[in-house]
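Below you'll find the structure, written out as structure tokens, and then a few comments.
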Amino acid sequence: MNYRITYLFLTMQGLLNEGIADFITIANRPKIDIHMDRIYKFKKDLDALTTMVGKNKIETFWVYNLSYGIFAGGAYYCGKIMCFTIELAFAKKIRRFPLIYVGNNTYPLDMIDKIMSNEKVFYIGNPDHTVFKMAYEELTKNRYNYRKFIALYEWACRELGIRKRNMVMWYGFFDDLKKKATKFYEIYSKKQRAEAYKMIKKIVRSRYVV
């Protein structure tokens, strides 16, 4: 069994389901904190997952780097940020533009990609509850379909001008991860078979060659 693929799919479901659950908890916060290092680490850890071998090793890595074992980061945090990004896109669509806060300075929402590229931590004003409701209703339509969730997030990033470098996820990236995990599994399987054949030949020679 290819456990890399299994836990990759579990991570996508975590982005959706746990992301929405965490998104609800920030509905009334005045500002939302954006930690770019957590987003970059999440993508780096996903890539690392695709080359790991051994169920226990993969599961432990997934728990403490991508899932419920990490308090700040992983799929829970990144899924929440994906949901919040979708909310920001809805805010822009109805011409409600929250401010971005970096230290004591404020910036317009259309500078979000530039700020993402230059700041490790910043804050964005939370749109009013009307916008939250719009985003939440759209998100829950796709509650069990992470593909549609990713597509909705990609739409939001296009609306806001966020480039792939600063995105949490896009389907092309997910597809590349799947291919990499599958390819590595095939290479590893070939290596295992070769080693098994070598061992069998050695046993056969030891028994029958005098």
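Following the order of the structure tokens, first chain is A, next is B, and so on, with residues numbered from 1 inside each chain and ligands from 1 in the order they appear.
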
Identify all residues of chain A in strand (DSSP E or B) (DSSP on the backbone) and supply them as a ChimeraX atom specification. /A:31-35,100-102,105-107,121-125

For segment 111-124 of chain A: contacts at 12 Å, only C-alpha atoms, fewer than 2 positions along chain excluded, given as a PyMOL selection string: chain A and resi 29-40+81+84-85+87-89+97-109+126-127+157-168

With DSSP run on the backbone, what are the helix (DSSP H, G or I) residues within segment 59-187 of chain A? I'd like them as a PyMOL selection string. chain A and resi 59-66+74-93+109-118+129-141+146-160+164-166+171-187

Using only C-alpha atoms, the residue out of A:Phe42, A:Phe173, A:Phe90, A:Tyr144 with shortest distance to Ser67 of chain A is A:Phe42
